[in-house]
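Let me begin by presenting the structure, written as structure tokens, before commenting on it.
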Amino acid sequence: MSQPAYDVAIVGAGIVGAACADEFTRQGMRVAIVDKEMVGGGATAAGMGHIVVMDDSEAQFALTRYSQRLWKELRPDLPPEVEYEQCGTIWVAADEEEMADVHRKRDFYSARDVPTEVLDSRALQRLEPNLHPGMEGGLRVPEDVVLYPPCAAAFLVHRAVKRGASLLLGHAVTHAAQGRVQRADGSGISARWVVNAAGASAAELTPGLEIKKRKGHLVITDRYPGFLNHQLVELGYLKSAHSVSSDSVAFNVQPRLTGQILIGSSRQYGAEHSEVDHQILARMLQRAGEYMLGLVRMSAIRAWTGFRAATPDKLPLIGQWPGDSSLLVATGHEGLGITTSLATARILSDHVAGKQSQIPIEPYLPSRAAPEHSHV
Ligand SMILES: Cc1cc2nc3c(=O)[nH]c(=O)nc-3n(C[C@H](O)[C@H](O)[C@H](O)COP(=O)(O)OP(=O)(O)OC[C@H]3O[C@@H](n4cnc5c(N)ncnc54)[C@H](O)[C@@H]3O)c2cc1C
């Protein structure tokens, strides 16, 4: 049998594919990155870039915290345009019931060595004077970070290219399995490993992957330096993120280094079109105004949408696809793919090297969700 042209062929140059390209080339492997469009142009361009530790489940915590540490390690190498900033998160509690959640969250993080600070109403007001004064309090998580995802993806891909990776853009992949990636222009690539990092479109290449598109909206404002100091997220956000049926909006705002403010966010299943939905946008901005009145008086520059790749159990799919020993899956990161991209890449490269990962990989293995007799 002839030698494959590459060790790894990665389909998708979003943040997840980019992180994989960086990691596999760091291990000295011959890598090809293939995308139908551009680097970081999918959900990665639409995302907020909040590198956030989460506590929905132990598995989600482990992956987000591990990846946050990897981002921190990467920080000295990141160019300024990635706009890495450790501004921290404040989870805002609007009432006493949400304040109980602040304490529950603090206990969870403290037990796992994540620094936090419980804020009463006054302390919250001091840190974020533009918040509505009636808020009950909040939880500050100072190690959370924000960054600009498309530039982070570009940095990772270009570093991989400098190490010798091939970057093939402009033609859709029509087949990615059994050590082969086939492109719509008829060209093909052989590789020992194929990585499906096609985000919300991943199931088109790997039938049987349980991925649903979950649409989100964001708005960016003009520059208002000093208006906002932390990423602010309403504690009700978790209810919104967990809703599996209805459309939902939640207050989630981010300060950019430019002084601009990114306003989010919404979640919709079954919305296949990428057009901005003005009703959802109005609901989202109304919610933002309920927390920070000043936001609705600002001038907005642009609104856009993106598609998160959602799985039924809210954990990503990372690892070998059953029935094809060459195929690795790296998708289903929903609203946490920027955060968890680096850990995803590290888990896959450990798998390929036959090494044990720093966190248990079982909760993310695609075999947990794959149909019993999957033949790709
Ligand atoms: C509104 C919104 C806010 C978000 N906020 C955050 C946040 O604050 N923090 C966070 O961690 N995450 C956030 N996310 C989630 C995050 O953006 C995604 O999880 C992440 O970008 C997924 O990256 P990816 O590389 O898997 O997918 P993508 O970035 O979508 O990349 C997939 C790539 O595959 C390519 N592709 C697809 N099909 C093919 C094919 N057949 N052939 C060739 N190429 C193909 C596409 O062109 C694309 O470039 C947010 C998402 C949205 C929508």
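Letters A, B, ... go to the chains of the structure tokens in the order shown; residues in each chain start at 1; ligands are counted from 1 in the same order.
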
request  = Find the residues near ligand 1. Use a cut-off of 6 Å, count only C-alpha atoms and all ligand atoms, and write them as a PyMOL selection string.
outcome  = chain A and resi 11-17+34-44+46-51+172-174+197-201+216-218+306-308+331+333-339

request  = Could you give me, as a ChimeraX atom specification, each residue of segment 19-58 of chain A that DSSP assigns to strand (DSSP E or B) when run on this structure's backbone?
outcome  = /A:31-35,50-51

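The spacing separating atom CA of Phe108 of chain A from atom CA of Gln60 of chain A amounts to 12.7 Å.
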
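Distances here use only C-alpha atoms; by that measure, the residue among A:Asp277, A:Arg75, A:Pro312, A:Trp91 closest to Phe251 of chain A is A:Trp91.
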
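Using only C-alpha atoms, the protein and nucleic acid residues lying no more than 7 Å from Ala18 of chain A, apart from those fewer than 5 places from it along its own chain, are Ala13, Ala153, Leu156 and Val157 of chain A.
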
ask   = What are the DSSP helix (DSSP H, G or I) residues of segment 117-336 of chain A, as an MDAnalysis selection string?
value = chainID A and resid 121:127 149:162 199:205 237:242 278:291 293:296 334:336
